[in-house]
>>> print(open('protein_15.txt').read())   # compact mmCIF, C-alpha atoms
# COMPACT_ATOMS: atom_id res chain seq x y z
CA MET A 1 90.54 88.42 98.60
CA GLU A 2 92.88 88.87 95.68
CA ARG A 3 96.53 89.38 96.42
CA ARG A 4 98.64 91.37 93.99
CA HIS A 5 102.08 89.79 93.78
CA HIS A 6 104.97 92.05 92.91
CA ASN A 7 107.64 89.72 91.55
CA VAL A 8 110.19 89.64 88.78
CA ARG A 9 108.42 86.87 86.92
CA THR A 10 106.24 89.13 84.86
CA THR A 11 106.60 90.61 81.44
CA ALA A 12 105.98 94.25 81.09
CA ALA A 13 106.21 94.58 84.88
CA LEU A 14 109.71 94.91 84.31
CA LEU A 15 109.19 98.57 84.04
CA LEU A 16 105.59 98.77 83.42
CA ALA A 17 105.52 98.52 87.11
CA VAL A 18 105.52 102.28 86.90
CA VAL A 19 102.50 103.97 85.34
CA VAL A 20 101.76 107.64 85.89
CA VAL A 21 98.35 109.05 85.10
CA GLY A 22 98.51 112.78 84.58
CA SER A 23 98.74 115.77 82.29
CA ILE A 24 100.19 114.79 78.96
CA GLY A 25 100.75 115.36 75.19
CA THR A 26 102.49 113.94 72.14
CA GLY A 27 103.28 110.48 70.85
CA ALA A 28 106.45 108.40 70.71
CA ALA A 29 109.74 110.03 69.84
CA GLY A 30 112.41 108.60 67.58
CA ALA A 31 112.50 107.78 63.89
CA ILE A 32 111.25 104.33 63.02
CA ASP A 33 112.94 102.36 60.28
CA ALA A 34 110.98 100.19 57.89
CA VAL A 35 110.78 96.65 59.20
CA ASP A 36 111.76 93.73 57.01
CA GLN A 37 109.67 90.94 58.53
CA ARG A 38 111.88 88.35 56.84
CA GLN A 39 114.90 89.44 58.90
CA GLN A 40 113.30 90.49 62.17
CA PRO A 41 111.58 88.48 64.92
CA THR A 42 107.85 89.02 65.26
CA GLY A 43 106.43 91.25 67.97
CA ASP A 44 105.16 88.26 69.93
CA GLU A 45 108.57 86.59 69.70
CA ILE A 46 110.23 89.74 71.03
CA LEU A 47 107.75 89.96 73.89
CA ASP A 48 108.42 86.30 74.74
CA ARG A 49 112.16 87.01 74.84
CA VAL A 50 111.59 90.01 77.10
CA GLU A 51 109.61 87.79 79.44
CA GLN A 52 112.35 85.17 79.40
CA ARG A 53 114.99 87.84 80.08
CA TYR A 54 113.23 89.00 83.20
CA GLU A 55 112.13 85.53 84.33
CA SER A 56 115.74 84.38 84.35
CA THR A 57 116.79 86.86 87.03
CA ASP A 58 116.27 86.83 90.78
CA THR A 59 116.60 90.58 91.31
CA ILE A 60 116.18 93.72 89.24
CA ALA A 61 117.10 97.29 90.15
CA GLY A 62 117.31 100.49 88.21
CA ARG A 63 116.29 104.06 87.56
CA ALA A 64 113.84 105.76 85.25
CA VAL A 65 112.53 109.21 84.32
CA LEU A 66 108.77 109.70 84.13
CA THR A 67 107.47 112.44 81.87
CA THR A 68 103.80 113.34 81.74
CA SER A 69 102.47 115.98 79.40
CA ASN A 70 99.54 117.32 77.46
CA ALA A 71 98.94 120.47 75.47
CA SER A 72 99.08 122.65 78.57
CA ALA A 73 101.63 121.12 80.93
CA THR A 74 104.62 118.82 81.29
CA THR A 75 105.97 117.33 84.51
CA THR A 76 108.84 114.98 85.24
CA ALA A 77 109.80 112.69 88.11
CA ASN A 78 112.85 110.58 88.90
CA VAL A 79 112.18 106.98 89.86
CA SER A 80 114.30 104.25 91.39
CA PHE A 81 113.05 100.68 91.70
CA ALA A 82 114.12 97.34 93.13
CA VAL A 83 112.40 93.98 92.74
CA ALA A 84 113.37 90.64 94.26
CA ASP A 85 111.87 87.20 93.88
CA PRO A 86 109.41 86.06 94.98
CA ASP A 87 107.36 89.08 96.11
CA SER A 88 109.51 91.96 97.35
CA SER A 89 109.63 95.33 95.63
CA ARG A 90 110.33 98.99 96.30
CA LEU A 91 109.64 102.16 94.33
CA VAL A 92 110.84 105.68 95.11
CA VAL A 93 109.48 108.67 93.18
CA GLU A 94 111.02 112.13 93.49
CA ARG A 95 109.17 115.02 91.95
CA GLY A 96 110.14 118.56 92.82
CA ASP A 97 110.50 118.74 96.59
CA GLU A 98 108.18 115.76 97.17
CA THR A 99 109.27 112.15 97.66
CA TYR A 100 106.98 109.12 97.62
CA ARG A 101 108.01 105.59 98.58
CA TYR A 102 106.19 102.34 98.15
CA GLY A 103 107.29 98.82 99.04
CA THR A 104 106.28 95.30 99.94
CA ASN A 105 108.15 92.30 101.30
CA GLY A 106 105.41 89.69 101.07
CA THR A 107 104.39 90.21 104.69
CA VAL A 108 103.59 93.91 104.84
CA THR A 109 103.05 96.61 102.25
CA TRP A 110 103.89 100.22 102.98
CA THR A 111 103.74 103.68 101.50
CA VAL A 112 105.40 106.90 102.61
CA GLY A 113 104.33 110.34 101.43
CA PRO A 114 104.03 113.91 102.68
CA ALA A 115 101.04 112.86 104.81
CA GLY A 116 102.98 110.15 106.65
CA THR A 117 103.67 106.44 106.62
CA PHE A 118 101.08 103.68 106.28
CA VAL A 119 101.60 99.96 106.61
CA TRP A 120 99.15 97.12 106.00
CA ASP A 121 99.02 93.37 105.62
CA ALA A 122 100.38 92.31 102.22
CA ASP A 123 97.43 89.93 101.80
CA SER A 124 95.08 92.93 101.77
CA ALA A 125 94.61 95.70 99.27
CA ALA A 126 94.63 99.27 100.55
CA PRO A 127 93.29 102.46 99.01
CA PHE A 128 95.93 105.17 98.68
CA ASP A 129 94.87 108.24 100.60
CA GLN A 130 95.50 111.65 99.09
CA GLY A 131 99.04 112.71 99.94
CA GLN A 132 100.45 109.18 99.96
CA VAL A 133 101.18 109.23 96.25
CA PRO A 134 100.80 112.07 93.75
CA GLY A 135 97.06 112.75 93.84
CA ASP A 136 94.15 112.89 91.41
CA ASP A 137 95.62 114.86 88.51
CA ASP A 138 98.93 113.03 88.40
CA ALA A 139 98.52 109.98 90.57
CA LEU A 140 101.17 107.34 90.64
CA GLU A 141 99.89 103.82 90.52
CA TRP A 142 102.33 100.95 90.61
CA THR A 143 100.65 98.21 88.61
CA VAL A 144 102.28 94.82 88.34
CA PRO A 145 100.50 91.73 86.92
CA THR A 146 99.53 89.16 89.53
CA ASP A 147 101.45 86.41 87.75
CA GLY A 148 103.29 85.67 84.54
CA ASN A 149 100.25 84.69 82.50
CA GLU A 150 98.77 88.10 81.71
CA THR A 151 100.80 88.40 78.52
CA ASP A 152 99.12 85.29 77.12
CA ASN A 153 96.23 87.61 76.27
CA VAL A 154 98.40 90.32 74.70
CA SER A 155 99.34 90.56 71.07
CA ALA A 156 102.52 92.46 70.21
CA THR A 157 103.23 93.93 66.78
CA LEU A 158 106.71 94.99 65.71
CA ALA A 159 106.16 98.58 64.55
CA GLY A 160 109.76 99.24 63.60
CA THR A 161 113.31 99.72 64.80
CA THR A 162 114.97 102.82 66.19
CA GLU A 163 117.47 103.95 68.81
CA VAL A 164 116.72 104.95 72.37
CA ASP A 165 119.57 107.01 73.79
CA GLY A 166 121.90 105.41 71.27
CA VAL A 167 120.75 101.85 71.98
CA PRO A 168 119.32 99.92 68.98
CA ALA A 169 115.73 99.04 69.90
CA TYR A 170 112.58 97.35 68.72
CA GLU A 171 109.33 99.28 69.09
CA LEU A 172 106.30 97.13 69.91
CA GLU A 173 102.64 98.03 69.76
CA LEU A 174 100.68 96.09 72.38
CA ARG A 175 97.09 95.06 71.77
CA PRO A 176 94.76 92.60 73.53
CA ALA A 177 94.64 89.31 71.66
CA GLY A 178 90.84 89.44 71.55
CA GLY A 179 90.40 93.19 71.08
CA GLY A 180 89.72 95.87 73.68
CA GLU A 181 92.22 97.68 75.88
CA VAL A 182 95.44 96.61 77.60
CA GLY A 183 95.31 99.22 80.31
CA ASP A 184 96.89 102.37 78.91
CA VAL A 185 99.99 100.65 77.53
CA THR A 186 100.35 101.25 73.81
CA ALA A 187 104.06 101.13 73.05
CA LEU A 188 107.11 99.34 74.40
CA TRP A 189 110.74 99.84 73.35
CA VAL A 190 113.09 96.87 73.86
CA ALA A 191 116.88 96.69 73.46
CA GLN A 192 117.76 94.51 70.48
CA GLU A 193 120.90 93.19 72.15
CA ASP A 194 119.57 91.86 75.46
CA TYR A 195 115.77 92.43 75.40
CA ARG A 196 115.69 94.76 78.38
CA VAL A 197 112.94 97.37 78.49
CA LEU A 198 114.12 100.85 77.49
CA ARG A 199 110.92 102.85 77.29
CA VAL A 200 107.18 102.51 77.92
CA GLU A 201 104.61 104.96 76.60
CA THR A 202 100.95 105.16 77.50
CA THR A 203 98.33 107.43 75.99
CA ASP A 204 94.60 107.98 75.98
CA GLY A 205 94.63 110.31 73.00
CA THR A 206 94.93 113.41 75.15
CA ASN A 207 97.31 112.49 77.95
CA THR A 208 100.61 110.70 77.45
CA THR A 209 103.06 109.24 79.95
CA THR A 210 106.56 108.14 79.03
CA VAL A 211 108.81 106.05 81.26
CA ASP A 212 112.44 106.22 80.09
CA VAL A 213 114.49 103.55 81.82
CA THR A 214 117.95 105.00 82.25
CA GLU A 215 119.54 102.08 84.11
CA THR A 216 118.67 98.43 84.65
CA PHE A 217 120.71 95.99 86.74
CA PHE A 218 119.97 92.26 86.77
CA ASP A 219 120.88 89.82 89.56
CA VAL A 220 122.40 92.47 91.77
CA SER A 221 122.68 92.10 95.53
CA ILE A 222 119.82 93.93 97.27
CA ASP A 223 119.87 94.18 101.05
CA GLU A 224 116.72 92.93 102.78
CA SER A 225 116.39 96.29 104.55
CA THR A 226 115.42 97.77 101.17
CA PHE A 227 112.05 96.09 101.47
CA GLN A 228 111.33 97.04 105.09
CA PRO A 229 109.06 99.95 106.08
CA PRO A 230 110.55 102.72 108.23
CA ALA A 231 110.17 101.17 111.67
CA ASP A 232 110.03 104.47 113.53
CA ARG A 233 106.86 105.67 111.78
CA LEU A 234 104.60 102.66 111.43
CA THR A 235 100.85 103.15 111.31
CA ALA A 236 98.81 99.94 111.35
CA TRP A 237 96.36 99.76 108.45
CA SER A 238 93.95 96.93 107.76
CA PHE A 239 91.65 96.86 104.76
CA ASP A 240 88.97 94.33 103.84
CA ARG A 241 86.29 94.20 101.18
CA TYR A 242 82.84 92.64 101.60
CA GLU A 243 80.16 91.70 99.09
CA SER A 244 77.19 91.85 101.45
CA PHE A 245 75.87 94.32 104.00
CA ALA A 246 75.67 91.61 106.66
CA ALA A 247 79.32 90.65 106.21
CA ALA A 248 80.41 94.29 106.48
CA GLN A 249 78.31 94.81 109.61
CA ASP A 250 79.83 91.70 111.20
CA ALA A 251 83.31 93.10 110.53
CA THR A 252 82.86 96.33 112.53
CA ASP A 253 81.47 97.56 115.83
CA LEU A 254 79.93 100.58 114.10
CA ASN A 255 76.18 100.48 113.55
CA LEU A 256 76.05 100.73 109.78
CA PRO A 257 73.19 102.56 108.06
CA GLY A 258 71.43 101.30 104.97
CA LEU A 259 70.00 103.14 101.96
CA ASP A 260 66.30 102.68 101.27
CA GLY A 261 65.27 101.74 97.74
CA SER A 262 68.81 100.96 96.60
CA SER A 263 70.86 97.90 95.67
CA PHE A 264 73.94 97.12 97.79
CA SER A 265 77.14 96.69 95.72
CA GLU A 266 80.04 96.24 98.16
CA ALA A 267 81.65 97.65 101.28
CA THR A 268 85.19 98.21 102.51
CA VAL A 269 86.26 98.37 106.15
CA THR A 270 89.51 100.21 106.85
CA VAL A 271 91.15 100.55 110.27
CA GLN A 272 94.07 102.93 110.59
CA GLY A 273 95.62 104.21 113.79
CA GLY A 274 92.59 103.14 115.81
CA GLU A 275 90.12 104.92 113.50
CA THR A 276 87.58 103.03 111.43
CA VAL A 277 86.23 103.96 108.00
CA VAL A 278 83.44 101.88 106.46
CA SER A 279 82.58 102.75 102.88
CA GLN A 280 79.41 101.22 101.44
CA ARG A 281 78.58 101.44 97.75
CA TYR A 282 75.02 101.33 96.46
CA GLU A 283 73.20 101.69 93.16
CA LEU A 284 70.18 103.98 93.38
CA ASP A 285 68.05 104.89 90.37
CA GLY A 286 70.91 103.93 88.10
CA GLU A 287 73.38 106.13 89.98
CA ASN A 288 76.31 105.23 92.23
CA VAL A 289 76.03 106.33 95.86
CA THR A 290 78.65 105.97 98.58
CA VAL A 291 77.72 105.95 102.26
CA VAL A 292 80.65 106.35 104.63
CA SER A 293 80.59 105.74 108.38
CA THR A 294 83.72 106.78 110.25
CA THR A 295 85.13 107.60 113.65
CA SER A 296 87.68 109.89 111.98
CA ASP A 297 87.27 113.65 112.22
CA ARG A 298 88.69 114.27 108.73
CA PHE A 299 85.42 115.88 107.58
CA SER A 300 85.37 118.42 110.40
CA GLY A 301 87.51 120.80 108.35
CA GLU A 302 85.07 120.72 105.43
CA THR A 303 82.32 122.68 107.19
CA GLU A 304 83.93 126.04 106.35
CA ASN A 305 82.92 125.68 102.69
CA ALA A 306 79.68 123.80 103.36
CA SER A 307 76.09 124.88 103.75
CA THR A 308 73.91 123.84 106.67
CA VAL A 309 70.91 121.64 105.86
CA GLU A 310 68.52 119.38 107.74
CA VAL A 311 68.39 115.67 107.02
CA ASP A 312 65.57 113.75 108.69
CA GLY A 313 65.54 116.25 111.58
CA GLN A 314 69.33 116.09 111.94
CA ASN A 315 71.55 119.13 111.38
CA ALA A 316 74.00 118.34 108.56
CA SER A 317 76.38 120.00 106.12
CA VAL A 318 76.41 119.78 102.34
CA THR A 319 79.17 120.65 99.88
CA ASP A 320 80.16 119.91 96.31
CA PHE A 321 83.50 119.00 94.78
CA GLY A 322 83.68 118.82 91.02
CA ASP A 323 80.75 116.80 89.67
CA ARG A 324 80.02 115.17 93.04
CA SER A 325 78.36 116.35 96.23
CA ALA A 326 78.40 115.17 99.83
CA VAL A 327 76.17 115.50 102.87
CA PHE A 328 77.68 114.72 106.27
CA TRP A 329 76.70 114.82 109.91
CA THR A 330 78.07 113.51 113.22
CA GLU A 331 76.14 111.69 115.91
CA ASP A 332 77.56 109.80 118.91
CA ASP A 333 81.13 110.42 117.62
CA VAL A 334 80.39 108.69 114.30
CA THR A 335 80.30 110.75 111.12
CA THR A 336 78.05 109.67 108.25
CA VAL A 337 78.86 110.90 104.75
CA VAL A 338 76.64 110.44 101.70
CA ILE A 339 78.38 111.03 98.37
CA VAL A 340 76.49 111.24 95.08
CA GLU A 341 77.36 111.97 91.48
CA GLY A 342 75.30 115.11 91.14
CA SER A 343 74.14 118.33 92.76
CA THR A 344 73.92 119.23 96.44
CA ASP A 345 70.13 119.05 96.17
CA ARG A 346 70.43 115.48 94.94
CA ALA A 347 72.83 114.69 97.78
CA VAL A 348 70.32 115.93 100.36
CA GLU A 349 67.52 113.98 98.67
CA VAL A 350 69.56 110.77 98.80
CA ALA A 351 70.71 111.41 102.36
CA GLU A 352 67.05 111.45 103.41
CA ARG A 353 66.92 107.77 102.41
CA VAL A 354 69.66 106.74 104.83
CA ASP A 355 68.32 104.62 107.64
CA GLY A 356 69.89 103.42 110.85
>>> encode(input="protein_15.txt", output="structure tokens")
Amino acid sequence: MERRHHNVRTTAALLLAVVVVGSIGTGAAGAIDAVDQRQQPTGDEILDRVEQRYESTDTIAGRAVLTTSNASATTTANVSFAVADPDSSRLVVERGDETYRYGTNGTVTWTVGPAGTFVWDADSAAPFDQGQVPGDDDALEWTVPTDGNETDNVSATLAGTTEVDGVPAYELELRPAGGGEVGDVTALWVAQEDYRVLRVETTDGTNTTTVDVTETFFDVSIDESTFQPPADRLTAWSFDRYESFAAAQDATDLNLPGLDGSSFSEATVTVQGGETVVSQRYELDGENVTVVSTTSDRFSGETENASTVEVDGQNASVTDFGDRSAVFWTEDDVTTVVIVEGSTDRAVEVAERVDG
């Protein structure tokens, strides 16, 4: 299982650690001066110096403002962050009257949001539930490279020079060395004096996110308690991924169903607060299908907007949400949910293929 290290020995992690996906709008601000390549370092040289600047420190702390916008909306959030070698980090996001916290200390990883606190083993990945971080339309995802080698595959071009809040800066355009995408990162502003990151901008052509780093402190003293979860609200969370049906079945006491005529892709087994959620993913007729088995009653509140149907002689409920639909039923205290990318009729048709 892959472990995602959050340490200071990365390049754009520096501040790229914060990426917000949400409503957005225009491109980079600030006038760009013509670049005389004979007098300026190359983009790759600047990126190397940024990496060296951050590799040479044991701790980093600071603050940033996140702005997300598109033609119809703009939102902002205040962020504070702290990172300590080798694998401790903390992020706090304040937006309106909501506060979200995320942290890891190498042993446990934790997140705190309006829905509560969740803690899991740092050697496992965990899916963020809705309410733990800003959800679908403006989700916060803290993405940090797993080690310091990711930038070997990135090519940086010096687009020009400008000022960011009065600080002389280089603007870099980041591109994969072999073509393709480098996530959503398209521009990086770096202080000319000390190569600290001043601004990061991501865009997909419609949505744009800008991270303006207002303060950065290197090699500051950070108390160990910064990287500890709130001890009075711990909820144990384990999460494991499996590449075969047999392995997933061996990992849980639930009797997992299969899906006739499909190809198994993977399964995840999550245990939180004594409740188990097993999510199996299949490919059926070229479509993705998810089959969930859970002891949680989280779907009980969905019946108000659902229609009653019959699946293989079993009373069930069906509902749609966006371009997906779900059929769900409960038997012997275990709820089965079948999620398809399509209509409710298609969801019922697929649910009829569930066995076990």
>>> closest_residue(input="protein_15.txt", among="A:Glu193, A:Asp355, A:Glu341, A:Glu55", to="Thr290 (chain A)", atoms="all atoms listed in the file")
A:Glu341
>>> closest_residue(input="protein_15.txt", among="A:Val291, A:Ala169, A:Val154, A:Val220", to="Asp194 (chain A)", atoms="only C-alpha atoms")
A:Ala169
>>> residues_around(input="protein_15.txt", residues="Thr99 (chain A)", least_positions_apart="2", cutoff="9 Å", atoms="all atoms listed in the file", output="list in words")
Val92, Val93, Glu94, Arg95, Gly96, Asp97, Arg101, Val112, Gly113, Pro114 and Val133 of chain A
>>> atom_distance(input="protein_15.txt", atom1="CA of Gln192 (chain A)", atom2="CA of Thr210 (chain A)")
19.6 Å
>>> residues_around(input="protein_15.txt", residues="Leu284 (chain A)", least_positions_apart="6", cutoff="10 Å", atoms="all atoms listed in the file", output="MDAnalysis selection string")
chainID A and resid 259:264 340 350
>>> closest_residue(input="protein_15.txt", among="A:Val200, A:Val334, A:Ala82, A:Gln228", to="Thr107 (chain A)", atoms="all atoms listed in the file")
A:Gln228
>>> residues_around(input="protein_15.txt", residues="Leu188 (chain A)", least_positions_apart="3", cutoff="6 Å", atoms="only C-alpha atoms", output="MDAnalysis selection string")
chainID A and resid 171:172 199:200
>>> atom_distance(input="protein_15.txt", atom1="CA of Asp240 (chain A)", atom2="CA of Glu266 (chain A)")
10.8 Å
>>> residues_around(input="protein_15.txt", residues="Thr214 (chain A)", least_positions_apart="4", cutoff="12 Å", atoms="all atoms listed in the file", output="list in words")
Leu15, Ala61, Gly62, Arg63, Ala64, Val65, Leu66, Asn78, Val79, Ser80, Phe81, Val164, Asp165, Gly166, Val167, Arg196, Val197, Leu198, Arg199 and Val200 of chain A
>>> closest_residue(input="protein_15.txt", among="A:Thr109, A:Glu98, A:Thr344, A:Ser307", to="Gly322 (chain A)", atoms="only C-alpha atoms")
A:Thr344
>>> closest_residue(input="protein_15.txt", among="A:Ile46, A:Ala251, A:Ile222, A:Val277", to="Val83 (chain A)", atoms="all atoms listed in the file")
A:Ile222
>>> closest_residue(input="protein_15.txt", among="A:Glu275, A:Asp345, A:Asp212, A:Asp332", to="Phe239 (chain A)", atoms="all atoms listed in the file")
A:Glu275
